[in-house]
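Scroll down for the structure; my scribbles are underneath it.
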Amino acid sequence: MVGGGREPAWRSLPWLAPALCLIAAVVLYPAGFMLVTSFRDLSQFGRDRGWAGLENYRRLLGLGHLPGVLLNTAVWVVGVVAVTMALSLALAQFLDKEFPGRRAVRLAVLVPWAASVVMTSTVFVYGLEPFYGQLNRMLVDLGVLDAPVGFLKTPLSGFLCAAAVAVLVSVPFTTYVVLAGLQTVPREVLEAARMDGASRPQAYRRVVLPMLRPALAVAAIINVINVFNSLPILRTMTDSIPGHGADTTTTLTFKLIQSDRQVDTASALSVLNFVVVLAVIVVYLRVARPMREH
Amino acid sequence: MNRVRKAAAVLLVAALGLAACGDDPGGEGGAVELTLMVPSYGDKTQPYWEDLVADFQAANSGVTVKLEVQSWENIFDVVRTNVQGGKAPDILELDASGPAYGKEGLLYRADEIVSAETLADIEPGFVESAAIEGVAYGVPTVASTRALFYNKELFARAGVTEPPGTWDELLDAAKRISALGGGVYGYGMPLGKEEAQAETSIWTYGAGGSWGDGEKITVDTPEATEALDFMKRMIDEGATQPDPGATDRTPLMNVFIQGKIGMIEGLPPVVGQVREKNPALDWGIAPSPTRDGEPVTLGVADYFVAFKNDEAKLDAVRAFLDFFYQRDNYVRFNDNEGFIPATKSGAEAAAAKPELRSFLDALPGAKFYPAQNVAWSATSGAFKDLVGQIQTRPSAEVLREIQAKADEAAEG
């Protein structure tokens, strides 16, 4: 920028081209293909039988369980992201303090993030199994439960367990983003606030939180996208539950493809999914104005 | 050591064969490459096919076979994507949804892909059950029927003297075993996603029902309602393990093998699994209980089909499939996977094995899925996703929901 803000954009093209090509190939092309598919009539064997107009969308909106699934999706996204953010704020505050062994604890927090999500979910599937699950066994041995419980056998408890795992794997990344944000808060500003008579909670709310705004914005947006599109946790943990009581739009997309063999309707749902996530982010940016410089 | 030497010899012969073809002046189309896609039944599947392909190539210079082994979980998506992209395999092994591709005009007929002698050796019932509008496109590879596996030790403890033949006897025996307590349950009912359609079919066929035919899928019938009502009664009266609606077949079978389930419906390969995982288990096999004790159970077969990719490859396809159905090659395949052979010569060989007797005996009374109906795949998917709800909802309502999915699939 320095000295040449008026450089024509095309001059930077040679440097941007590789990245642009990559984005076109792995993002724009598949997304475009999905959009086209949602207006085509595909046979259950995958053969293209011509234009379908809005037929796929009509069929999608006619699904009796769609409202419930949309509600689940909203609860899933808002619940998981909110709990993740709250826990991460507390955890980051703790990890920001000096204490012996802090480095080891900071590394330990990373473990759920480093492990494959499917693996983590599978561990819980086995652990919560009523017949031979270790977690079930432990809860019975400790006297918390009288007999093993099928945690992943009913929609509500299965959904909550999956949400807990989603929080577990989202917390490390979020904590590190918040922790990075905390380290940009100058010590002098905090000291000044205390000198002016602010209590600890007041200092946190009035000084630290506003300065964390950009970090929280990044963490929130990335989490919303991530959690919204999260498939492996629910699919691994709640796929055996009959009905649509534990489905979000993402798992419903898969059921449309694999069980109902409707790739076209599934594409329509994916487009809807895309539009919703885009709308959520636009609204978030407009309303919360997280990027605003104060 | 021997195998390495054999493989090396095969490679050498294949290379020479290819070279010879290259020299052949009239050899246009001499070198044919076939693509073969098969599902994996277990650890022995891939080595079997690798050996068979090597043997076949050694005997047929100029034909190379490109093998692709896929898991059962993925193969349907892979096939669908390949067909969509115009890259269907030349030869494909799949469940009865394979022959259904014939509806779209994508497949050779069964009598085009194997010789008349091979076709004459195959049990006609399997070929017919997968015919689409009277035309057979698939040749059966493995077959299976279901039978009731039961735990003799739990039977003795609960005072059950012989395996149940009717539903009422089943309910009574299961309740008595469940009453033993200590994490032991009478009847294992897997209605989770893995194979809910199979359990439901065993019960519905046992009530004299069926899921329709090539013309129309009928799910919401009086027989099915009666069957599902009885299943619900089993659940409500505590005769089954908890939460049958969300219990998958494989994990539940493991619980049976551990000795905590009194009775469960199983496939022929379970025999091998019990022997391997818990040889100490005292178990037996009996025919599937039905409403009145009439012998009927679910039969399932997998099929080879060949896609119309290139007319020039048809001779090679036929040569390969005939090679597979040669008695030794075919019996070895079924031995490996623990299934019942679908050829007459194979069945003679299998009849010598006592543990397969119950399954072979059930064959005449076996009923198949109406897989020749293109709407069946989606219907089967609807069973997997929805039928477990009978645990909490009226069965008639659940059946109506599945019928609606079947009707929708029939439309397009």
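Going through the structure tokens in order, the chains are called A, B, and so on, while each chain numbers its residues from 1 and the ligands are numbered from 1 in the order shown.
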Could you pull the residues within 8 Å of A:Val263, counting only C-alpha atoms, minus those fewer than 3 positions along the same chain, as a short mmCIF file (atom, residue, chain, number, x, y, z; two decimals) with N, CA and C atoms, in the first residue's frame?
```
data_model
loop_
_atom_site.label_atom_id
_atom_site.label_comp_id
_atom_site.auth_asym_id
_atom_site.auth_seq_id
_atom_site.Cartn_x
_atom_site.Cartn_y
_atom_site.Cartn_z
N LEU A 42 -32.58 -35.95 -11.26
CA LEU A 42 -31.66 -37.09 -11.31
C LEU A 42 -32.41 -38.36 -10.92
N GLN A 44 -32.64 -42.19 -9.33
CA GLN A 44 -31.99 -42.69 -8.12
C GLN A 44 -30.68 -43.40 -8.44
N GLY A 46 -28.55 -41.98 -10.42
CA GLY A 46 -27.60 -40.92 -10.72
C GLY A 46 -27.65 -40.43 -12.15
N LEU A 256 -31.07 -38.17 2.74
CA LEU A 256 -31.74 -38.01 1.45
C LEU A 256 -30.96 -38.73 0.36
N ILE A 257 -29.63 -38.66 0.45
CA ILE A 257 -28.81 -39.31 -0.58
C ILE A 257 -28.82 -40.82 -0.38
N ALA A 266 -31.35 -33.63 -2.20
CA ALA A 266 -30.25 -33.37 -1.28
C ALA A 266 -29.47 -32.12 -1.71
N SER A 267 -29.32 -31.92 -3.02
CA SER A 267 -28.63 -30.73 -3.51
C SER A 267 -29.42 -29.48 -3.15
#
```
At most 6 Å to chain B: residues in chain A, only C-alpha atoms, as an NGL selection string: :A and (45-47 or 153 or 240-243 or 259-260)
For the selection you just gave me, I'd like the residues written to a file as a PDB file, in the first residue's frame, keeping N, CA and C atoms.
```pdb
ATOM      1  N   PHE A  45     -30.448 -43.676  -9.727  1.00  0.00           N
ATOM      2  CA  PHE A  45     -29.183 -44.292 -10.114  1.00  0.00           C
ATOM      3  C   PHE A  45     -28.169 -43.244 -10.549  1.00  0.00           C
ATOM      4  N   GLY A  46     -28.551 -41.977 -10.422  1.00  0.00           N
ATOM      5  CA  GLY A  46     -27.598 -40.920 -10.719  1.00  0.00           C
ATOM      6  C   GLY A  46     -27.647 -40.427 -12.152  1.00  0.00           C
ATOM      7  N   ARG A  47     -28.651 -40.880 -12.928  1.00  0.00           N
ATOM      8  CA  ARG A  47     -28.706 -40.402 -14.304  1.00  0.00           C
ATOM      9  C   ARG A  47     -29.491 -39.109 -14.406  1.00  0.00           C
ATOM     10  N   LYS A 153     -29.392 -43.898  22.395  1.00  0.00           N
ATOM     11  CA  LYS A 153     -30.483 -44.676  21.819  1.00  0.00           C
ATOM     12  C   LYS A 153     -31.766 -43.872  21.656  1.00  0.00           C
ATOM     13  N   SER A 240     -27.981 -44.233  14.279  1.00  0.00           N
ATOM     14  CA  SER A 240     -28.835 -45.412  14.461  1.00  0.00           C
ATOM     15  C   SER A 240     -30.188 -45.075  15.066  1.00  0.00           C
ATOM     16  N   ILE A 241     -30.354 -43.851  15.534  1.00  0.00           N
ATOM     17  CA  ILE A 241     -31.625 -43.488  16.168  1.00  0.00           C
ATOM     18  C   ILE A 241     -32.696 -43.352  15.089  1.00  0.00           C
ATOM     19  N   PRO A 242     -33.808 -44.085  15.225  1.00  0.00           N
ATOM     20  CA  PRO A 242     -34.819 -44.029  14.165  1.00  0.00           C
ATOM     21  C   PRO A 242     -35.569 -42.705  14.169  1.00  0.00           C
ATOM     22  N   GLY A 243     -36.066 -42.331  12.984  1.00  0.00           N
ATOM     23  CA  GLY A 243     -36.805 -41.084  12.860  1.00  0.00           C
ATOM     24  C   GLY A 243     -35.865 -39.908  12.657  1.00  0.00           C
ATOM     25  N   SER A 259     -30.470 -42.985   1.941  1.00  0.00           N
ATOM     26  CA  SER A 259     -31.670 -43.781   2.186  1.00  0.00           C
ATOM     27  C   SER A 259     -32.720 -43.542   1.115  1.00  0.00           C
ATOM     28  N   ASP A 260     -32.999 -42.277   0.822  1.00  0.00           N
ATOM     29  CA  ASP A 260     -34.075 -41.982  -0.122  1.00  0.00           C
ATOM     30  C   ASP A 260     -33.581 -41.951  -1.559  1.00  0.00           C
TER      31      ASP A 260
END
```
Quick one: everything within 7 Å of stretch 120-136 of chain B, counting only C-alpha atoms, minus sequence neighbours fewer than 3 positions away in the same chain. Send it as a PDB file with N, CA and C atoms, in the first residue's frame.
```pdb
ATOM      1  N   ALA B  96     -29.146 -57.102  -4.394  1.00  0.00           N
ATOM      2  CA  ALA B  96     -30.150 -57.159  -5.453  1.00  0.00           C
ATOM      3  C   ALA B  96     -30.413 -55.801  -6.098  1.00  0.00           C
ATOM      4  N   PRO B  99     -28.966 -55.739 -10.117  1.00  0.00           N
ATOM      5  CA  PRO B  99     -29.799 -56.021 -11.283  1.00  0.00           C
ATOM      6  C   PRO B  99     -30.786 -54.903 -11.596  1.00  0.00           C
ATOM      7  N   ALA B 100     -31.139 -54.090 -10.586  1.00  0.00           N
ATOM      8  CA  ALA B 100     -32.117 -53.024 -10.812  1.00  0.00           C
ATOM      9  C   ALA B 100     -31.605 -51.983 -11.809  1.00  0.00           C
ATOM     10  N   LYS B 103     -33.154 -51.799 -15.329  1.00  0.00           N
ATOM     11  CA  LYS B 103     -34.338 -50.995 -15.612  1.00  0.00           C
ATOM     12  C   LYS B 103     -33.966 -49.784 -16.467  1.00  0.00           C
ATOM     13  N   ARG B 109     -27.973 -58.779 -20.391  1.00  0.00           N
ATOM     14  CA  ARG B 109     -28.828 -59.787 -19.767  1.00  0.00           C
ATOM     15  C   ARG B 109     -27.972 -60.895 -19.181  1.00  0.00           C
ATOM     16  N   ALA B 110     -28.555 -61.645 -18.220  1.00  0.00           N
ATOM     17  CA  ALA B 110     -27.814 -62.726 -17.563  1.00  0.00           C
ATOM     18  C   ALA B 110     -27.327 -63.752 -18.582  1.00  0.00           C
ATOM     19  N   ALA B 116     -24.305 -70.895 -21.336  1.00  0.00           N
ATOM     20  CA  ALA B 116     -25.537 -71.633 -21.058  1.00  0.00           C
ATOM     21  C   ALA B 116     -25.308 -72.686 -19.981  1.00  0.00           C
ATOM     22  N   GLU B 117     -24.116 -73.303 -19.974  1.00  0.00           N
ATOM     23  CA  GLU B 117     -23.842 -74.348 -18.977  1.00  0.00           C
ATOM     24  C   GLU B 117     -23.804 -73.735 -17.571  1.00  0.00           C
ATOM     25  N   VAL B 139     -26.522 -62.560 -12.093  1.00  0.00           N
ATOM     26  CA  VAL B 139     -26.271 -63.957 -11.741  1.00  0.00           C
ATOM     27  C   VAL B 139     -25.818 -63.980 -10.283  1.00  0.00           C
ATOM     28  N   PRO B 140     -26.438 -64.836  -9.455  1.00  0.00           N
ATOM     29  CA  PRO B 140     -26.181 -64.807  -8.019  1.00  0.00           C
ATOM     30  C   PRO B 140     -24.759 -65.256  -7.669  1.00  0.00           C
ATOM     31  N   GLY B 214     -42.587 -56.760  -8.429  1.00  0.00           N
ATOM     32  CA  GLY B 214     -41.941 -55.845  -9.363  1.00  0.00           C
ATOM     33  C   GLY B 214     -42.828 -54.669  -9.746  1.00  0.00           C
ATOM     34  N   ALA B 342     -25.015 -70.606  -4.576  1.00  0.00           N
ATOM     35  CA  ALA B 342     -26.250 -70.482  -5.346  1.00  0.00           C
ATOM     36  C   ALA B 342     -26.244 -71.387  -6.566  1.00  0.00           C
ATOM     37  N   THR B 343     -25.227 -72.222  -6.724  1.00  0.00           N
ATOM     38  CA  THR B 343     -25.218 -73.162  -7.844  1.00  0.00           C
ATOM     39  C   THR B 343     -25.556 -74.554  -7.322  1.00  0.00           C
ATOM     40  N   LYS B 344     -26.052 -75.404  -8.229  1.00  0.00           N
ATOM     41  CA  LYS B 344     -26.425 -76.759  -7.815  1.00  0.00           C
ATOM     42  C   LYS B 344     -25.189 -77.553  -7.415  1.00  0.00           C
ATOM     43  N   SER B 345     -24.112 -77.397  -8.205  1.00  0.00           N
ATOM     44  CA  SER B 345     -22.905 -78.150  -7.869  1.00  0.00           C
ATOM     45  C   SER B 345     -22.309 -77.651  -6.551  1.00  0.00           C
ATOM     46  N   PHE B 368     -37.732 -63.458  -0.738  1.00  0.00           N
ATOM     47  CA  PHE B 368     -36.722 -62.442  -1.022  1.00  0.00           C
ATOM     48  C   PHE B 368     -37.325 -61.049  -0.967  1.00  0.00           C
ATOM     49  N   ALA B 371     -36.470 -56.813  -4.754  1.00  0.00           N
ATOM     50  CA  ALA B 371     -35.406 -55.900  -5.179  1.00  0.00           C
ATOM     51  C   ALA B 371     -35.451 -55.602  -6.662  1.00  0.00           C
ATOM     52  N   GLN B 372     -36.244 -56.396  -7.408  1.00  0.00           N
ATOM     53  CA  GLN B 372     -36.366 -56.109  -8.832  1.00  0.00           C
ATOM     54  C   GLN B 372     -37.176 -54.840  -9.060  1.00  0.00           C
TER      55      GLN B 372
END
```
Members of stretch 145-185 of chain B assigned alpha helix (DSSP H) by DSSP, as a list of chain:residue names: B:Lys152, B:Glu153, B:Leu154, B:Phe155, B:Ala156, B:Arg157, B:Ala158, B:Trp167, B:Asp168, B:Glu169, B:Leu170, B:Leu171, B:Asp172, B:Ala173, B:Ala174, B:Lys175, B:Arg176, B:Ile177, B:Ser178
Written selection (C-alpha atoms) as a PDB file, in the first residue's frame:
```
ATOM      1  CA  LYS B 152     -28.477 -73.370  25.258  1.00  0.00           C
ATOM      2  CA  GLU B 153     -27.091 -72.412  28.648  1.00  0.00           C
ATOM      3  CA  LEU B 154     -29.581 -69.537  29.082  1.00  0.00           C
ATOM      4  CA  PHE B 155     -32.353 -71.849  27.840  1.00  0.00           C
ATOM      5  CA  ALA B 156     -31.477 -74.364  30.566  1.00  0.00           C
ATOM      6  CA  ARG B 157     -31.283 -71.700  33.281  1.00  0.00           C
ATOM      7  CA  ALA B 158     -34.683 -70.290  32.292  1.00  0.00           C
ATOM      8  CA  TRP B 167     -44.323 -66.206  18.004  1.00  0.00           C
ATOM      9  CA  ASP B 168     -46.195 -67.046  21.199  1.00  0.00           C
ATOM     10  CA  GLU B 169     -43.553 -69.590  22.171  1.00  0.00           C
ATOM     11  CA  LEU B 170     -40.876 -67.046  21.276  1.00  0.00           C
ATOM     12  CA  LEU B 171     -42.453 -64.376  23.471  1.00  0.00           C
ATOM     13  CA  ASP B 172     -42.806 -66.806  26.353  1.00  0.00           C
ATOM     14  CA  ALA B 173     -39.236 -68.110  26.089  1.00  0.00           C
ATOM     15  CA  ALA B 174     -37.810 -64.600  25.698  1.00  0.00           C
ATOM     16  CA  LYS B 175     -39.677 -63.293  28.751  1.00  0.00           C
ATOM     17  CA  ARG B 176     -38.448 -66.180  30.854  1.00  0.00           C
ATOM     18  CA  ILE B 177     -34.847 -65.550  29.823  1.00  0.00           C
ATOM     19  CA  SER B 178     -35.164 -61.784  30.391  1.00  0.00           C
TER      20      SER B 178
END
```
Please list as a PDB file with N, CA and C atoms, in the first residue's frame every residue within 7 Å of B:Gly338, counting only C-alpha atoms and excluding residues in the same chain fewer than 2 positions away.
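Writing done, so here's part-v1.pdb:
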```pdb
ATOM      1  N   PRO B 268     -25.571 -67.205   7.928  1.00  0.00           N
ATOM      2  CA  PRO B 268     -24.577 -68.284   7.976  1.00  0.00           C
ATOM      3  C   PRO B 268     -23.180 -67.868   8.491  1.00  0.00           C
ATOM      4  N   PRO B 269     -22.653 -66.685   8.091  1.00  0.00           N
ATOM      5  CA  PRO B 269     -21.294 -66.354   8.556  1.00  0.00           C
ATOM      6  C   PRO B 269     -21.180 -66.224  10.074  1.00  0.00           C
ATOM      7  N   ASN B 334     -17.377 -69.240  -1.532  1.00  0.00           N
ATOM      8  CA  ASN B 334     -18.415 -69.359  -0.510  1.00  0.00           C
ATOM      9  C   ASN B 334     -17.867 -69.864   0.819  1.00  0.00           C
ATOM     10  N   ASP B 335     -16.863 -70.750   0.749  1.00  0.00           N
ATOM     11  CA  ASP B 335     -16.230 -71.222   1.985  1.00  0.00           C
ATOM     12  C   ASP B 335     -15.592 -70.066   2.730  1.00  0.00           C
ATOM     13  N   ASN B 336     -14.881 -69.226   1.955  1.00  0.00           N
ATOM     14  CA  ASN B 336     -14.210 -68.067   2.537  1.00  0.00           C
ATOM     15  C   ASN B 336     -15.173 -67.187   3.297  1.00  0.00           C
ATOM     16  N   ILE B 340     -24.035 -69.576   1.655  1.00  0.00           N
ATOM     17  CA  ILE B 340     -24.521 -70.760   0.947  1.00  0.00           C
ATOM     18  C   ILE B 340     -24.329 -70.530  -0.554  1.00  0.00           C
TER      19      ILE B 340
END
```
Separation of atom CA of A:Val123 from atom CA of A:Leu142 in Å: 20.3 Å
Spatial neighbours of B:Ile257, max dist 12 Å, only C-alpha atoms, sep filter under 2 positions, as a PyMOL selection string: chain B and resi 149-151+188+250-255+259-264+266+270-284
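In this comparison, which uses only C-alpha atoms, the residue of A:Thr154, A:Met211, A:Gly64, A:Pro201 approaching A:Thr238 most closely is A:Thr154.
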